[in-house]
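**Student:** Have a look at the structure that comes next, please.
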Amino acid sequence: MRSVKSQLRWLRPSGPGMMMIKTLLITSLLGWVKCHEGQSMTSEEKTAIRDQIIEMFDHAYGSYMKYAYPADELMPLSCRGRVRGEEPNRGDIDDSLGKFSLTLIDTLDTLVVLNKLDEFEDAVRKAVKDVRLDNDVVVSVFETNIRVLGGLLGAHVMADLLRQQGNRMQWYQDELLHMAKELGHRLLPAFNTTSGLPYPKVNLRYGVLNPLSRTGTESDTCTACAGTMILEFAALSRMSGESVFEKHARKAMDVLWERRQKGSDLVGTVINIHNGEWVRRESGVGAGIDSYYEYLMKAYILLGDHVFLERFNIHYSAIMKYISQPPLLLNVHMHNPTVSVRSWMDSLLAFFPGLQVLRGDLKPAIETHEMLYQVTKQHKFLPEAFTTEFRVHWGQHLLRPEFAESTYYLYKATGDPYYLRVGQSIVEKLNAYARVPCGFAAVQDVRTGAHEDRMDSFFLAEMFKYLYLLFSEKNQLPIDIDDYIFTTEAHLLPVSLSTTKPPCQGNISEAVPVRQEEDLFTHSCPSTETLFPNNPSFAKSIRDSYKYLTGVGRAFRPLPVREIELPLHDHGIEPVEFLKSMGISLSPLNEVAEGDTGSQKGHKGVYRVKLVAEVSQTPEMEEVVPHVVQLISPPFLGQTVLTAGPAKFGMDLSKQEHGVKGSIVKASPYTACGPIDNAVELKGRIALVLRGDCMFAAKARRLQEAGAIGVIFIDHREGSNSEETPLFQMVGDGDSTEEITLALVFLFSREGAVLTSALEEHHNVDVLLLPKERQLGCDKTEKPIGMNIKLSLAEEGELEDGAARGPTLEFVLDKDEVLLKEEELKQEQQSQQQQLYAEAAESDRTEPCSADPSHPPNSGPDTNP
């Protein structure tokens, strides 16, 4: 996100009072560092980790350049580049790809930070020579701004600095700045709306409203999408002298501020770009809103405009009043902020502790960061979404850098070596669980460890930058990092812009009325009183109360162990295998720990059984009832059955005796995120819809209005399937979903491909949507086999009167011990052996109707956060 020290100082106010406060800050900081000098990680350890980070970067960047360039991204499992249009469509995920060598441009200034100056110069030459920005491609305005425009500007700043130093880049003539200006003009048509909020997508060649643009029908955009333009656009205006960019970005920020809910001072997640009305009123600090708050703070730092800081402070007070429930950050309804609207959090909020450090609010930053760290301990990485009980809500992990970013901020603010250890754990887990021969692969599900053929550009642009800076001293860097601010994509912009490049005429936002008396620290970033309390153990004392938040890492206290002696000679049932099937492990007595020999009997073939129970307070996981899509028209006739996930809203298929039957029709547009073009064709039928671009509930409402009787959502994530990915329940959009009465099911990509292929081949395909247990041809369910075991207690060596003698299992009560002992009897008596009593209802037992695997229960978010 941003350079820390440059934002750990007094930014704009000046005068004797400010000088006094600066002195207090420096004195407090020096005292803090001195208290921790003896606890710091050794320089040798930091050097070793830093070298490891460089090696990892070389592996990732080298793989991209070897196998993927000039493609936008590397596919690390396939060892080839991802070129848009040549790979299966992934929906809105692909909107970041514009055939402009995305990963190369996004990585340019990282090469400088890592002191790879030869590689940087070579990469700049490649970008200038090879990259085109006029491709006939529809791209995300937000992603293109933060990754490509920000990447070009950050690289230009670095190239210009190296050129001024006189040793490198003497050939450079501001080519990257010219490319940035060209791209800025190609993004400007997106702002051609009555409100001033930008369209979410733009065609790089044809703009938005051109008949050839294939876009311009969108009516909504996310708050972060509209509010994360000001840093890059203002920097472009001030470097190029063209005020139009900053003007439009400021206008968008002004609209979002004006449209906030005046009672709560919160903003929603999705807004209509034409009339400024909120489409989704859910408010939080994660996906959909995150970088809007970040850019308010950063716009003040970069541009010196107090309006942005005043707006941020008002928003921040509302966040801490309604959304922050330490250590949790829970979404609320912007008009009714006292009630949380969902019980899960998304991984993008991991940036927020870093922003809190810049704000000077260290205590909640430490609390939330520690909570996130505990979640990574439990699941190896931050799941894309996780519940308030820290269970997986959506298991994907895209190698996002936000947690590393906040770790970097907290270390730079506190000097606490604890955060170096956190950074070390990030490095180790990336190597252990994400590294593959051709780079690093995203994790499809943290519960299974399965990989996804994906390495997003932000992994190189941000993750390695933050990790390298975390383990580096100032004198080990080729630039003075304090002179720069990090954008949300970690691109470097000089904080001197506000003084060396004055604001363009007319680019002034309306001041915010002061609501309360300003104190001494109103314009400090951060406050010395909260950031540097005179207590070396301050951070630790906060962390300790959250140390075992998820139960991971708690010291193990062994329970008393009871021993069972077990003979292994029974020919009717093998006791070891029987016990293993029950999850009980065995170890020979002669292998037990030394000093614990008091109960060893010396019997041959005798094992000790240790039964250890761990008490967990984790609540019952919500059950996900598997559904199916059963193809019933010829030639399938019910033989093709696809496992599907249910929805938490819409028709309850478990209450429909015969399910929902209908012909399938592909919706147009396929994502159903705009007006439905084929409503007549969909009426009375079941719609096929691609996941992505908007919420499940929004799609369902449009299709219900078009007359569809059901919807089958198909995952846009390439290769996802029900065998490797746990089922989840689709959830709503935070608003009431009572009016949605459609039958709704979800298919992963592989199962969805079967359905779409059937439709392409046979044109008229009828399906049945219903719970899996009630699919056609499955009239009976398998009944479990019951087993009753009769046990008798008797004195050792005795049996009940009349009991037949033969190989038996007995529990023998021997003072304080319970022994399981075999009577070794003669072979001729086996015909009269005493049996274990077992009954099974064999007559009603049938084979299961489907061999599809079951899935652990889970709930998933309705779109990519």
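Labels used: A, B, ... for chains in the order of the structure tokens, numbers from 1 for residues in each chain, and numbers from 1 for ligands as shown.
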I need the strand (DSSP E) residues of range 259-483 of chain A per DSSP on the backbone, written as an MDAnalysis selection string.
**Tutor:** chainID A and resid 270:272 278:280 282:283 324:325 328:329 332:333 336:340 344:346 385:387 392:394 435:436 439:440 442:443 451:452
**Student:** For Leu470 in chain A, please output as JSON, numbers by chain all residues within 12 Å (counting only C-alpha atoms; exclusion window: fewer than 4 positions along the same chain).
**Tutor:** {"A": [3, 4, 41, 46, 47, 49, 50, 53, 113, 114, 404, 405, 406, 407, 408, 409, 410, 411, 412, 413, 415, 416, 417, 418, 419, 420, 421, 422, 423, 424, 426, 427, 463, 464, 465, 466, 474, 476, 477, 481]}
**Student:** Kindly export the residues of the current selection with C-alpha atoms, as a PDB file, in the first residue's frame.
**Tutor:**
```
ATOM      1  CA  SER A   3       5.617   3.894   2.491  1.00  0.00           C
ATOM      2  CA  VAL A   4       5.437   3.939   6.262  1.00  0.00           C
ATOM      3  CA  MET A  41      16.022 -10.674  15.075  1.00  0.00           C
ATOM      4  CA  LYS A  46      17.198 -11.051   8.483  1.00  0.00           C
ATOM      5  CA  THR A  47      19.809 -11.278   5.722  1.00  0.00           C
ATOM      6  CA  ILE A  49      15.334 -14.367   4.958  1.00  0.00           C
ATOM      7  CA  ARG A  50      15.862 -11.399   2.649  1.00  0.00           C
ATOM      8  CA  ILE A  53      12.737 -13.605  -0.635  1.00  0.00           C
ATOM      9  CA  VAL A 113      13.029  -1.848  -4.651  1.00  0.00           C
ATOM     10  CA  LEU A 114      14.722  -5.269  -4.775  1.00  0.00           C
ATOM     11  CA  ALA A 404       1.918  -8.999   4.592  1.00  0.00           C
ATOM     12  CA  GLU A 405       1.232  -5.310   4.008  1.00  0.00           C
ATOM     13  CA  SER A 406      -0.253  -4.789   7.471  1.00  0.00           C
ATOM     14  CA  THR A 407       2.564  -6.846   9.003  1.00  0.00           C
ATOM     15  CA  TYR A 408       5.074  -4.465   7.411  1.00  0.00           C
ATOM     16  CA  TYR A 409       3.258  -1.421   8.781  1.00  0.00           C
ATOM     17  CA  LEU A 410       3.037  -2.761  12.295  1.00  0.00           C
ATOM     18  CA  TYR A 411       6.720  -3.653  12.366  1.00  0.00           C
ATOM     19  CA  LYS A 412       7.782  -0.235  11.087  1.00  0.00           C
ATOM     20  CA  ALA A 413       5.512   1.460  13.615  1.00  0.00           C
ATOM     21  CA  GLY A 415       9.859  -2.137  15.948  1.00  0.00           C
ATOM     22  CA  ASP A 416       8.501  -5.276  17.614  1.00  0.00           C
ATOM     23  CA  PRO A 417      10.431  -8.322  16.279  1.00  0.00           C
ATOM     24  CA  TYR A 418       7.244 -10.357  16.681  1.00  0.00           C
ATOM     25  CA  TYR A 419       6.190  -9.019  13.291  1.00  0.00           C
ATOM     26  CA  LEU A 420       9.431 -10.186  11.715  1.00  0.00           C
ATOM     27  CA  ARG A 421       8.497 -13.694  12.851  1.00  0.00           C
ATOM     28  CA  VAL A 422       5.061 -13.243  11.318  1.00  0.00           C
ATOM     29  CA  GLY A 423       6.730 -12.219   8.054  1.00  0.00           C
ATOM     30  CA  GLN A 424       9.012 -15.230   8.277  1.00  0.00           C
ATOM     31  CA  ILE A 426       4.495 -15.941   5.417  1.00  0.00           C
ATOM     32  CA  VAL A 427       7.703 -16.675   3.507  1.00  0.00           C
ATOM     33  CA  MET A 463       3.858  -9.381  -1.906  1.00  0.00           C
ATOM     34  CA  PHE A 464       7.595  -9.400  -2.583  1.00  0.00           C
ATOM     35  CA  LYS A 465       7.848  -5.644  -2.150  1.00  0.00           C
ATOM     36  CA  TYR A 466       6.367  -5.718   1.348  1.00  0.00           C
ATOM     37  CA  LYS A 474      17.140   1.841   4.912  1.00  0.00           C
ATOM     38  CA  GLN A 476      20.147  -1.558   2.015  1.00  0.00           C
ATOM     39  CA  LEU A 477      17.644   0.017  -0.374  1.00  0.00           C
ATOM     40  CA  ILE A 481      11.604   4.745   0.720  1.00  0.00           C
TER      41      ILE A 481
END
```
**Student:** Give me, as a VMD selection string, all polymer residues having an atom no more than 7 Å from Ala441 in chain A, counting only C-alpha atoms and skipping those fewer than 6 positions away in the same chain.
**Tutor:** chain A and resid 76 434 to 435 451 to 455
**Student:** Go ahead and save the picked residues with C-alpha atoms, as a PDB file, in the first residue's frame.
**Tutor:**
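Contents of part18.pdb, as written:
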```pdb
ATOM      1  CA  PRO A  76       2.121 -21.644 -13.219  1.00  0.00           C
ATOM      2  CA  ALA A 434       2.272 -22.421  -3.049  1.00  0.00           C
ATOM      3  CA  ARG A 435       5.578 -22.977  -4.844  1.00  0.00           C
ATOM      4  CA  HIS A 451      -3.648 -25.464  -6.516  1.00  0.00           C
ATOM      5  CA  GLU A 452      -5.219 -23.211  -9.102  1.00  0.00           C
ATOM      6  CA  ASP A 453      -3.501 -22.416 -12.405  1.00  0.00           C
ATOM      7  CA  ARG A 454      -3.194 -18.758 -11.515  1.00  0.00           C
ATOM      8  CA  MET A 455      -0.533 -16.279 -10.407  1.00  0.00           C
TER       9      MET A 455
END
```
**Student:** Would you list the contacts of range 145-155 of chain A as a ChimeraX atom specification, taking every protein, DNA or RNA residue within 9 Å and counting only C-alpha atoms, but skipping same-chain residues closer than 4 positions in sequence?
**Tutor:** /A:96,100,102-110,112,120,124,140-141,159-160,176-177,179-181,183-184,187,228-229,231-233,235-236,457-458,461,487-494
**Student:** Would you return as a PyMOL selection string the members of range 25-112 of chain A that DSSP assigns to helix (DSSP H, G or I) on this structure's backbone?
**Tutor:** chain A and resi 25-39+43-68+91-96+102-112
**Student:** Report, in Å to a single decimal, how far apart CA of Asp118 in chain A and CA of Tyr172 in chain A are.
**Tutor:**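 Rounded to one decimal, the two atoms are 14.0 Å apart.
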**Student:** I'd like the interatomic distance between CA of Ser243 in chain A and CA of Ser213 in chain A, to a tenth of an Å.
**Tutor:**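 Rounded to one decimal, the two atoms are 25.9 Å apart.
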**Student:** Just the residues within 8 Å of range 334-351 of chain A, please, counting only C-alpha atoms, with nothing from its chain fewer than 5 positions along; format it as a ChimeraX atom specification.
**Tutor:** /A:261,263-264,266-268,281-283,285-287,290,322-323,329,369,372,382-388,393,402-403,405-406,734,865
**Student:** Please write the residues from the selection above to a file, keeping N, CA, C and O atoms, as a short mmCIF file (atom, residue, chain, number, x, y, z; two decimals), in the first residue's frame.
**Tutor:**
```cif
data_model
loop_
_atom_site.label_atom_id
_atom_site.label_comp_id
_atom_site.auth_asym_id
_atom_site.auth_seq_id
_atom_site.Cartn_x
_atom_site.Cartn_y
_atom_site.Cartn_z
N GLN A 261 -24.48 7.81 3.74
CA GLN A 261 -25.66 7.89 4.58
C GLN A 261 -25.38 8.93 5.68
O GLN A 261 -24.48 8.74 6.49
N GLY A 263 -26.81 9.87 8.34
CA GLY A 263 -26.99 9.52 9.74
C GLY A 263 -25.85 8.71 10.31
O GLY A 263 -25.42 8.91 11.46
N SER A 264 -25.31 7.78 9.50
CA SER A 264 -24.25 6.90 9.99
C SER A 264 -22.88 7.27 9.47
O SER A 264 -21.86 6.79 9.98
N LEU A 266 -21.66 6.25 6.73
CA LEU A 266 -21.15 5.07 6.06
C LEU A 266 -21.57 5.08 4.59
O LEU A 266 -22.53 5.76 4.22
N VAL A 267 -20.85 4.34 3.78
CA VAL A 267 -21.20 4.18 2.37
C VAL A 267 -21.54 2.72 2.12
O VAL A 267 -21.14 1.83 2.86
N GLY A 268 -22.29 2.50 1.04
CA GLY A 268 -22.63 1.14 0.65
C GLY A 268 -21.56 0.52 -0.23
O GLY A 268 -20.48 1.10 -0.43
N ARG A 281 -26.53 -1.84 0.01
CA ARG A 281 -26.34 -0.94 1.14
C ARG A 281 -25.50 -1.56 2.26
O ARG A 281 -25.44 -1.03 3.36
N GLU A 282 -24.89 -2.67 1.98
CA GLU A 282 -24.00 -3.30 2.95
C GLU A 282 -22.73 -2.48 3.08
O GLU A 282 -22.14 -2.07 2.08
N SER A 283 -22.28 -2.23 4.31
CA SER A 283 -21.12 -1.38 4.52
C SER A 283 -20.08 -2.09 5.37
O SER A 283 -20.42 -2.70 6.39
N VAL A 285 -15.33 -2.71 5.51
CA VAL A 285 -14.02 -2.20 5.10
C VAL A 285 -13.32 -3.18 4.17
O VAL A 285 -12.15 -3.00 3.84
N GLY A 286 -14.02 -4.23 3.74
CA GLY A 286 -13.42 -5.23 2.87
C GLY A 286 -13.80 -5.03 1.42
O GLY A 286 -13.85 -3.91 0.92
N ALA A 287 -14.06 -6.14 0.74
CA ALA A 287 -14.30 -6.13 -0.70
C ALA A 287 -15.42 -5.16 -1.07
O ALA A 287 -16.46 -5.12 -0.45
N ASP A 290 -13.01 -1.21 0.35
CA ASP A 290 -11.70 -1.08 0.99
C ASP A 290 -10.85 0.10 0.56
O ASP A 290 -10.52 0.99 1.36
N TYR A 322 -19.43 1.47 14.38
CA TYR A 322 -20.40 0.48 13.94
C TYR A 322 -19.80 -0.83 13.42
O TYR A 322 -20.34 -1.91 13.67
N ILE A 323 -18.70 -0.74 12.69
CA ILE A 323 -18.16 -1.92 12.00
C ILE A 323 -17.12 -2.65 12.83
O ILE A 323 -17.06 -3.88 12.83
N LEU A 329 -14.15 -7.21 12.15
CA LEU A 329 -14.65 -6.10 11.36
C LEU A 329 -15.83 -6.63 10.56
O LEU A 329 -15.65 -7.34 9.57
N HIS A 369 -4.95 -7.51 13.40
CA HIS A 369 -3.84 -8.24 12.79
C HIS A 369 -3.59 -9.55 13.50
O HIS A 369 -3.35 -10.59 12.85
N LEU A 372 -6.11 -12.08 12.42
CA LEU A 372 -5.79 -12.58 11.08
C LEU A 372 -4.64 -13.58 11.13
O LEU A 372 -4.64 -14.59 10.42
N LEU A 382 -4.80 -17.05 4.62
CA LEU A 382 -6.12 -16.46 4.85
C LEU A 382 -7.07 -16.98 3.78
O LEU A 382 -6.83 -16.76 2.58
N PRO A 383 -8.15 -17.66 4.16
CA PRO A 383 -9.16 -18.02 3.15
C PRO A 383 -9.76 -16.75 2.56
O PRO A 383 -9.77 -15.69 3.19
N GLU A 384 -10.28 -16.84 1.37
CA GLU A 384 -10.88 -15.67 0.74
C GLU A 384 -12.02 -15.10 1.59
O GLU A 384 -12.26 -13.90 1.59
N ALA A 385 -12.69 -15.98 2.32
CA ALA A 385 -13.68 -15.53 3.30
C ALA A 385 -13.72 -16.53 4.44
O ALA A 385 -13.55 -17.73 4.22
N PHE A 386 -13.92 -16.03 5.67
CA PHE A 386 -13.96 -16.90 6.84
C PHE A 386 -14.99 -16.36 7.82
O PHE A 386 -15.29 -15.16 7.84
N THR A 387 -15.54 -17.26 8.63
CA THR A 387 -16.65 -16.90 9.50
C THR A 387 -16.15 -16.23 10.77
O THR A 387 -14.95 -16.22 11.07
N THR A 388 -17.08 -15.73 11.55
CA THR A 388 -16.73 -15.12 12.82
C THR A 388 -16.22 -16.15 13.81
O THR A 388 -15.64 -15.78 14.84
N HIS A 393 -15.21 -19.99 5.06
CA HIS A 393 -16.46 -19.68 4.38
C HIS A 393 -16.29 -19.85 2.87
O HIS A 393 -17.18 -20.34 2.19
N GLU A 402 -2.33 -8.46 1.29
CA GLU A 402 -2.80 -7.49 2.30
C GLU A 402 -2.32 -7.82 3.71
O GLU A 402 -2.01 -6.90 4.49
N PHE A 403 -2.25 -9.09 4.06
CA PHE A 403 -1.80 -9.44 5.41
C PHE A 403 -0.31 -9.10 5.57
O PHE A 403 0.11 -8.57 6.61
N GLU A 405 1.21 -6.77 3.99
CA GLU A 405 1.23 -5.31 4.01
C GLU A 405 1.03 -4.77 5.43
O GLU A 405 1.79 -3.93 5.91
N SER A 406 0.01 -5.26 6.10
CA SER A 406 -0.25 -4.79 7.47
C SER A 406 0.85 -5.22 8.43
O SER A 406 1.18 -4.50 9.38
N GLY A 734 -27.38 -9.07 1.08
CA GLY A 734 -27.52 -8.17 2.21
C GLY A 734 -28.90 -7.54 2.30
O GLY A 734 -29.33 -7.13 3.37
N PRO A 865 -15.00 -11.77 -3.73
CA PRO A 865 -14.87 -10.51 -2.97
C PRO A 865 -13.89 -9.61 -3.67
O PRO A 865 -12.93 -10.07 -4.25
#
```
